[in-house]
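**Q** My structure is in data_19.txt, and what it holds is compact mmCIF, C-alpha atoms:
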```txt
# COMPACT_ATOMS: atom_id res chain seq x y z
CA MET A 39 0.00 0.00 0.00
CA PRO A 40 1.23 3.55 -0.70
CA PRO A 41 1.96 5.92 2.17
CA SER A 42 -0.74 8.15 3.61
CA PHE A 43 -0.59 11.72 2.35
CA GLY A 44 -1.52 14.75 4.42
CA LEU A 45 -1.79 18.49 3.80
CA ILE A 46 -1.21 21.42 6.16
CA ILE A 47 -2.34 24.86 4.99
CA ILE A 48 -0.92 27.77 6.97
CA GLY A 49 -2.11 31.36 7.07
CA ASP A 50 -4.51 33.74 8.83
CA GLU A 51 -5.72 34.91 5.43
CA ILE A 52 -7.42 31.55 4.83
CA LEU A 53 -9.16 31.44 8.20
CA SER A 54 -10.27 35.09 7.96
CA GLY A 55 -11.69 34.63 4.48
CA LYS A 56 -9.36 37.18 2.83
CA ARG A 57 -8.11 34.40 0.58
CA ALA A 58 -9.96 31.31 -0.56
CA ASP A 59 -7.92 28.14 -0.17
CA LYS A 60 -6.99 26.54 -3.49
CA HIS A 61 -4.46 24.03 -2.22
CA LEU A 62 -6.84 21.36 -0.93
CA PRO A 63 -8.68 20.69 -4.23
CA LYS A 64 -5.45 20.96 -6.23
CA VAL A 65 -3.49 18.52 -4.07
CA ILE A 66 -6.42 16.08 -4.26
CA GLU A 67 -6.29 16.46 -8.06
CA LEU A 68 -2.51 15.98 -8.26
CA LEU A 69 -2.68 12.85 -6.14
CA ALA A 70 -5.68 11.43 -8.01
CA ALA A 71 -3.88 11.85 -11.34
CA ARG A 72 -1.30 9.41 -9.98
CA GLY A 73 -3.78 6.98 -8.45
CA LEU A 74 -3.18 8.32 -4.94
CA THR A 75 -5.46 9.84 -2.31
CA LEU A 76 -5.27 12.48 0.41
CA SER A 77 -5.82 11.04 3.88
CA TRP A 78 -6.19 14.28 5.84
CA SER A 79 -5.94 18.05 5.73
CA ARG A 80 -5.41 20.65 8.44
CA CYS A 81 -5.63 24.47 8.29
CA VAL A 82 -3.70 26.53 10.84
CA GLY A 83 -3.44 30.29 11.34
CA ASP A 84 -0.25 32.27 11.85
CA ASP A 85 0.16 31.19 15.46
CA ARG A 86 3.52 29.66 16.41
CA ARG A 87 2.14 27.42 19.13
CA ARG A 88 -0.49 25.90 16.85
CA ILE A 89 1.83 25.55 13.87
CA THR A 90 4.47 23.85 16.02
CA ALA A 91 1.87 21.44 17.42
CA ALA A 92 0.54 20.59 13.95
CA LEU A 93 4.06 19.96 12.64
CA ALA A 94 5.01 17.89 15.69
CA ASP A 95 2.04 15.63 14.96
CA ALA A 96 3.09 15.33 11.33
CA PHE A 97 6.73 14.56 12.18
CA ALA A 98 5.66 11.88 14.67
CA SER A 99 3.68 10.04 12.00
CA ASP A 100 4.79 7.97 9.02
CA ASP A 101 2.73 10.15 6.68
CA ILE A 102 3.98 12.15 3.72
CA VAL A 103 2.83 15.71 4.38
CA PHE A 104 2.81 18.81 2.20
CA SER A 105 2.85 22.10 4.13
CA CYS A 106 1.84 25.20 2.18
CA GLY A 107 2.60 28.72 3.37
CA GLY A 108 4.58 30.70 5.89
CA ILE A 109 8.12 29.98 4.69
CA GLY A 110 8.95 33.57 3.72
CA ALA A 111 10.98 36.03 5.79
CA THR A 112 8.38 38.55 6.96
CA PRO A 113 7.22 38.85 10.59
CA ASP A 114 4.06 36.83 9.95
CA ASP A 115 6.01 33.89 8.47
CA HIS A 116 6.63 31.35 11.22
CA THR A 117 6.76 27.96 9.50
CA ARG A 118 10.54 27.57 9.31
CA GLN A 119 10.97 28.44 12.98
CA CYS A 120 8.10 26.17 14.02
CA ALA A 121 9.50 23.25 12.04
CA ALA A 122 12.82 23.58 13.83
CA ALA A 123 11.06 23.81 17.19
CA ALA A 124 8.93 20.74 16.44
CA LEU A 125 12.05 18.75 15.54
CA GLY A 126 14.18 20.15 18.37
CA VAL A 127 16.97 21.27 16.02
CA PRO A 128 18.53 24.69 15.31
CA LEU A 129 17.97 26.80 12.23
CA ALA A 130 20.85 27.25 9.78
CA LEU A 131 21.38 28.89 6.41
CA HIS A 132 21.35 26.04 3.89
CA PRO A 133 24.41 26.43 1.61
CA GLN A 134 22.63 25.34 -1.57
CA ALA A 135 19.63 27.54 -0.73
CA ARG A 136 22.01 30.48 -0.27
CA LEU A 137 23.46 29.97 -3.74
CA LEU A 138 20.00 29.77 -5.31
CA ILE A 139 18.78 32.90 -3.52
CA GLU A 140 21.91 34.82 -4.53
CA GLU A 141 21.42 33.63 -8.10
CA ARG A 142 17.84 34.90 -7.99
CA MET A 143 18.96 38.30 -6.66
CA GLN A 144 21.53 38.56 -9.45
CA ASP A 145 18.82 37.74 -12.00
CA VAL A 146 16.57 40.47 -10.62
CA ALA A 147 19.37 43.06 -10.64
CA ARG A 148 20.19 42.17 -14.22
CA GLU A 149 16.52 42.43 -15.26
CA GLN A 150 16.29 45.86 -13.60
CA GLY A 151 19.57 47.06 -15.13
CA VAL A 152 21.17 47.81 -11.77
CA PRO A 153 24.34 46.41 -10.15
CA TYR A 154 24.00 43.45 -7.81
CA GLU A 155 24.88 44.55 -4.27
CA PRO A 156 25.10 41.45 -2.03
CA GLU A 157 25.82 43.48 1.11
CA ARG A 158 22.78 45.72 0.72
CA ALA A 159 20.47 45.32 3.73
CA ASP A 160 17.46 44.01 1.80
CA ASN A 161 19.58 41.45 -0.06
CA VAL A 162 21.12 40.23 3.19
CA HIS A 163 17.61 39.90 4.63
CA ARG A 164 16.48 37.80 1.67
CA LEU A 165 18.97 35.11 2.67
CA ASN A 166 16.66 34.38 5.61
CA MET A 167 14.44 32.56 3.12
CA GLY A 168 17.17 29.91 3.00
CA VAL A 169 17.37 29.45 6.77
CA PHE A 170 15.94 25.97 7.36
CA PRO A 171 15.94 23.43 10.20
CA GLN A 172 19.33 21.77 10.38
CA GLY A 173 19.43 18.67 8.17
CA ALA A 174 16.72 19.89 5.76
CA ARG A 175 16.85 19.08 2.06
CA ILE A 176 15.86 21.68 -0.52
CA ILE A 177 12.90 21.47 -2.92
CA PRO A 178 13.54 23.15 -6.31
CA ASN A 179 11.29 26.09 -7.17
CA PRO A 180 11.06 26.48 -10.97
CA TYR A 181 9.16 29.77 -10.68
CA ASN A 182 11.79 31.99 -9.04
CA LYS A 183 14.50 29.63 -7.73
CA ILE A 184 13.74 30.38 -4.02
CA PRO A 185 13.63 26.81 -2.69
CA GLY A 186 11.33 25.06 -0.31
CA PHE A 187 12.62 22.39 2.02
CA THR A 188 11.97 18.87 3.31
CA CYS A 189 12.44 17.55 6.83
CA ASP A 190 12.27 13.89 7.78
CA GLY A 191 10.16 13.06 10.81
CA THR A 192 10.86 10.82 13.75
CA GLY A 193 7.92 8.58 12.79
CA GLY A 194 9.33 7.58 9.43
CA GLY A 195 7.48 10.09 7.26
CA ALA A 196 8.46 13.49 5.91
CA VAL A 197 7.08 17.01 5.69
CA HIS A 198 7.64 18.99 2.50
CA PHE A 199 7.46 22.77 2.95
CA VAL A 200 6.45 24.89 -0.04
CA PRO A 201 5.30 28.52 -0.42
CA GLY A 202 1.68 29.55 -0.13
CA PHE A 203 1.61 30.85 -3.71
CA PRO A 204 -0.07 28.23 -5.93
CA VAL A 205 2.07 29.18 -8.93
CA MET A 206 5.10 28.02 -6.94
CA ALA A 207 3.65 25.37 -4.61
CA TRP A 208 1.88 23.20 -7.16
CA PRO A 209 4.86 22.56 -9.52
CA MET A 210 7.00 21.83 -6.46
CA ILE A 211 4.50 19.28 -5.16
CA GLU A 212 4.25 17.71 -8.62
CA HIS A 213 8.02 17.41 -8.75
CA LEU A 214 8.04 15.58 -5.41
CA LEU A 215 5.25 13.23 -6.46
CA ASP A 216 7.01 12.40 -9.72
CA THR A 217 10.45 11.84 -8.19
CA GLU A 218 10.40 10.72 -4.56
CA TYR A 219 7.02 8.99 -4.78
CA ARG A 220 6.95 7.77 -8.36
CA ALA A 221 7.18 4.14 -7.20
CA TRP A 222 3.76 4.53 -5.54
CA HIS A 223 1.94 5.76 -8.65
CA ARG A 224 -0.98 3.58 -9.69
CA GLY A 225 -2.61 3.22 -13.06
CA PRO A 226 -6.26 4.11 -13.73
CA GLY A 227 -7.45 0.55 -13.02
CA ASP A 228 -5.27 -0.19 -10.00
CA TRP A 229 -7.56 1.53 -7.49
CA VAL A 230 -11.30 0.98 -7.70
CA GLU A 231 -14.35 2.34 -5.93
CA ARG A 232 -17.70 0.53 -6.18
CA SER A 233 -20.89 1.54 -4.44
CA VAL A 234 -24.64 1.11 -4.46
CA VAL A 235 -27.52 3.40 -3.54
CA VAL A 236 -29.50 1.99 -0.61
CA PHE A 237 -33.02 3.17 0.23
CA GLY A 238 -34.84 2.89 3.54
CA ALA A 239 -31.92 1.62 5.61
CA MET A 240 -30.28 2.91 8.78
CA GLU A 241 -26.48 3.26 9.01
CA ALA A 242 -26.50 1.79 12.52
CA THR A 243 -28.14 -1.38 11.20
CA LEU A 244 -25.53 -1.76 8.46
CA THR A 245 -22.48 -0.97 10.61
CA PRO A 246 -21.73 -4.62 11.56
CA LEU A 247 -21.70 -5.52 7.86
CA MET A 248 -19.28 -2.67 7.09
CA GLU A 249 -17.00 -3.70 9.95
CA ALA A 250 -16.97 -7.30 8.78
CA ILE A 251 -15.96 -6.29 5.25
CA GLU A 252 -13.04 -4.18 6.49
CA ARG A 253 -12.00 -7.04 8.75
CA ASP A 254 -12.12 -9.59 5.91
CA HIS A 255 -10.62 -7.56 3.05
CA PRO A 256 -7.83 -4.95 2.53
CA VAL A 257 -10.32 -2.23 1.52
CA LYS A 258 -12.07 0.79 3.00
CA VAL A 259 -15.84 0.87 3.39
CA PHE A 260 -17.66 4.20 3.08
CA SER A 261 -21.18 5.33 3.86
CA LEU A 262 -22.50 8.62 2.45
CA PRO A 263 -26.03 9.41 3.67
CA SER A 264 -28.15 12.03 1.91
CA VAL A 265 -31.51 13.48 2.89
CA ASP A 266 -32.31 15.67 -0.11
CA HIS A 267 -30.68 14.26 -3.24
CA PRO A 268 -32.41 15.75 -6.33
CA THR A 269 -32.76 12.34 -7.99
CA TRP A 270 -32.73 9.70 -5.26
CA GLY A 271 -34.06 11.64 -2.27
CA ARG A 272 -33.19 10.18 1.13
CA HIS A 273 -30.68 7.35 0.72
CA ILE A 274 -27.25 5.99 1.65
CA GLU A 275 -24.49 5.48 -0.89
CA LEU A 276 -22.65 2.47 0.51
CA GLY A 277 -19.47 1.19 -1.06
CA VAL A 278 -15.92 -0.11 -0.90
CA LYS A 279 -12.67 1.27 -2.31
CA GLY A 280 -9.23 -0.22 -2.57
CA PRO A 281 -6.92 -2.27 -4.82
CA SER A 282 -8.65 -3.62 -7.91
CA SER A 283 -7.65 -7.14 -6.87
CA ALA A 284 -9.52 -6.85 -3.55
CA VAL A 285 -12.61 -4.78 -4.35
CA PRO A 286 -14.67 -7.40 -6.28
CA LEU A 287 -14.74 -9.90 -3.39
CA ALA A 288 -15.38 -7.18 -0.82
CA TYR A 289 -18.15 -5.66 -2.91
CA GLY A 290 -19.71 -9.08 -3.43
CA GLN A 291 -19.81 -9.53 0.35
CA LEU A 292 -21.39 -6.08 0.69
CA MET A 293 -24.14 -6.84 -1.83
CA ALA A 294 -24.85 -10.25 -0.29
CA GLY A 295 -25.09 -8.66 3.14
CA LEU A 296 -27.43 -5.93 1.91
CA ARG A 297 -29.73 -8.48 0.29
CA GLY A 298 -29.67 -10.48 3.51
CA HIS A 299 -30.89 -7.35 5.31
CA GLY A 300 -33.69 -7.02 2.78
CA ALA A 301 -32.39 -3.59 1.75
CA GLN A 302 -33.96 -1.81 -1.20
CA LEU A 303 -31.14 -1.28 -3.69
CA GLY A 304 -30.82 1.43 -6.33
CA PRO A 305 -28.19 2.20 -8.96
CA GLU A 306 -24.66 0.80 -8.67
CA LEU A 307 -21.71 3.15 -9.22
CA VAL A 308 -18.12 2.47 -10.30
CA ARG A 309 -15.27 4.98 -10.12
```
Take the structure in the file and write it out as structure tokens.
**A**
Amino acid sequence: MPPSFGLIIIGDEILSGKRADKHLPKVIELLAARGLTLSWSRCVGDDRRRITAALADAFASDDIVFSCGGIGATPDDHTRQCAAAALGVPLALHPQARLLIEERMQDVAREQGVPYEPERADNVHRLNMGVFPQGARIIPNPYNKIPGFTCDGTGGGAVHFVPGFPVMAWPMIEHLLDTEYRAWHRGPGDWVERSVVVFGAMEATLTPLMEAIERDHPVKVFSLPSVDHPTWGRHIELGVKGPSSAVPLAYGQLMAGLRGHGAQLGPELVR
């Protein structure tokens, strides 16, 4: 089975409504294009205590986590500092990040037709964007060369830190998926979801059946109740999802169990 993937979105602007989050649907899309799924998502404001706690949880797990936002060098950017605190390591200017940031500053000076002044106060400050937790690895940024970074967790997983800007974050996440996690990609038919619409049944009555299926097969069972569907009205969409080799047997057990309950069955769905 592939690793579990998680997403942390950082920024007061999301929680206040000043900016609408675009990362969650995009990361789901990027994973789905590779036959993978997102296991969880968490949104945190610009609060060091909360960010540190969220990252500590991520580092303690064996999940692969993408963290979007807060890696700049302004006073409201806390992610780099919180990552170091969560890992219990110091911050340090990453040598390769320094070279990339200096290269970017030279590019900007050349574009503006002015001399590059490395000792100028604002250029010295920009190097803070390359100050990462000790032991971090850089993530290439094809948009402007200012890198993100990766830290391995104590639980066996990793957290990948990218900017909050979608134009930068999304290509960086794609790069990670297509390099470090390419071995986990699945083809269109490798992961299957099958379900059936059930009328007039109670979830509590069907719970033992769902538990038995998960106990007997390497799949996940899902139950999606609806009270006002425009076509089917009140119903439950009950199904299984997992490897294509395991879903047929699990789904057969589900259908047999539903018929044994005398459930009224509607359309069957395959994804």
**Q** Return the padded bounding box of segment 84-94 of chain A as JSON: axis-aligned, built from all atoms listed in the file, 6 Å added on each side, with centre and edge lengths in Å to one decimal.
**A**
```
{"center_x": 2.3, "center_y": 25.1, "center_z": 15.5, "size_x": 17.5, "size_y": 26.4, "size_z": 19.3}
```
**Q** List as CSV every residue of segment 143-165 of chain A that is in contact with segment 179-189 of chain A, defined as an atom at most 12 Å from one of its atoms (using only C-alpha atoms), together with the nearest atom pair and the distance in Å rounded to one decimal, sorted by chain and then rising number.
**A**
```
residue,atom,partner,partner_atom,distance
A:Met143,CA,A:Lys183,CA,9.8
A:Gln144,CA,A:Lys183,CA,11.5
A:Asp145,CA,A:Asn182,CA,9.6
A:Val146,CA,A:Asn182,CA,9.9
A:Arg164,CA,A:Ile184,CA,9.7
A:Leu165,CA,A:Ile184,CA,9.7
```
**Q** Atom CA of Ile176 of chain A and atom CA of Pro63 of chain A are how many Å apart?
**A** 24.8 Å
**Q** May I have the residues at most 6 Å from (-1.2, 22.7, 8.2) in the file's coordinates, counting all atoms listed in the file, as a VMD selection string?
**A** chain A and resid 46 to 48 80 to 82 105
**Q** Taking into account all atoms listed in the file, which residue in the set A:Leu296, A:Ala124, A:Met248, A:Ile211 is nearest to Arg88 of chain A?
**A** A:Ala124
**Q** Could you pull the residues within 10 Å of Gln291 of chain A, counting only C-alpha atoms, minus those fewer than 6 positions along the same chain, as a PyMOL selection string?
**A** chain A and resi 247-248+250-251+254-255+285+297
**Q** Measuring atom to atom with all atoms listed in the file, identify which of A:Gly195, A:Gly290, A:Pro246, A:Gly280 is nearest to Phe43 of chain A.
**A**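 Closest candidate: A:Gly195.
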**Q** Compare A:Gly191, A:Gly83, A:Ala239, A:Met210 by their minimum atom-to-atom distance to His299 of chain A, counting only C-alpha atoms, and give me the closest one.
**A**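 Of all the options, A:Ala239 lies closest to His299 of chain A.
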**Q** Skip Ala301 of chain A itself and residues of its chain fewer than 6 positions away, then list as number ranges by chain all residues within 12 Å of it, counting all atoms listed in the file.
**A** A: 234-241, 243-244, 273-274, 276, 292-295
**Q** Find the residue from A:Glu231, A:Asp50, A:Asp114, A:Asp190 that sits nearest to Ser99 of chain A; use all atoms listed in the file when measuring.
**A**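 Checking each of A:Glu231, A:Asp50, A:Asp114, A:Asp190 against Ser99 of chain A, counting all atoms listed in the file, the winner is A:Asp190.
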**Q** Please compute the atom CA of Leu93 of chain A-atom CA of Cys120 of chain A distance, one decimal, in Å.
**A**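 Pair atom CA of Leu93 of chain A / atom CA of Cys120 of chain A returns 7.5 Å.
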**Q** Go through A:Arg220, A:Gly126, A:Arg309, A:Ala242 and flag the residue nearest Pro171 of chain A, using all atoms listed in the file for the distances.
**A**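 Ranked by minimum distance to Pro171 of chain A, first place goes to A:Gly126.
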**Q** What is the distance, in Å and to one decimal place, between atom CA of Glu275 of chain A and atom CA of Leu307 of chain A?
**A**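 Calculated distance between atom CA of Glu275 of chain A and atom CA of Leu307 of chain A is 9.1 Å.
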**Q** Excluding Cys106 of chain A and any residue of its chain fewer than 4 positions from it, enumerate the residues within 6 Å of it, using all atoms listed in the file, and give them as a ChimeraX atom specification.
**A** /A:47,200-202
**Q** Identify which of the residues A:Asp59, A:Asp101, A:Glu149, A:Glu141 lies closest to Trp78 of chain A, counting all atoms listed in the file when measuring atom-to-atom distances.
**A**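 With all atoms listed in the file as the atom set, the closest residue is A:Asp101.
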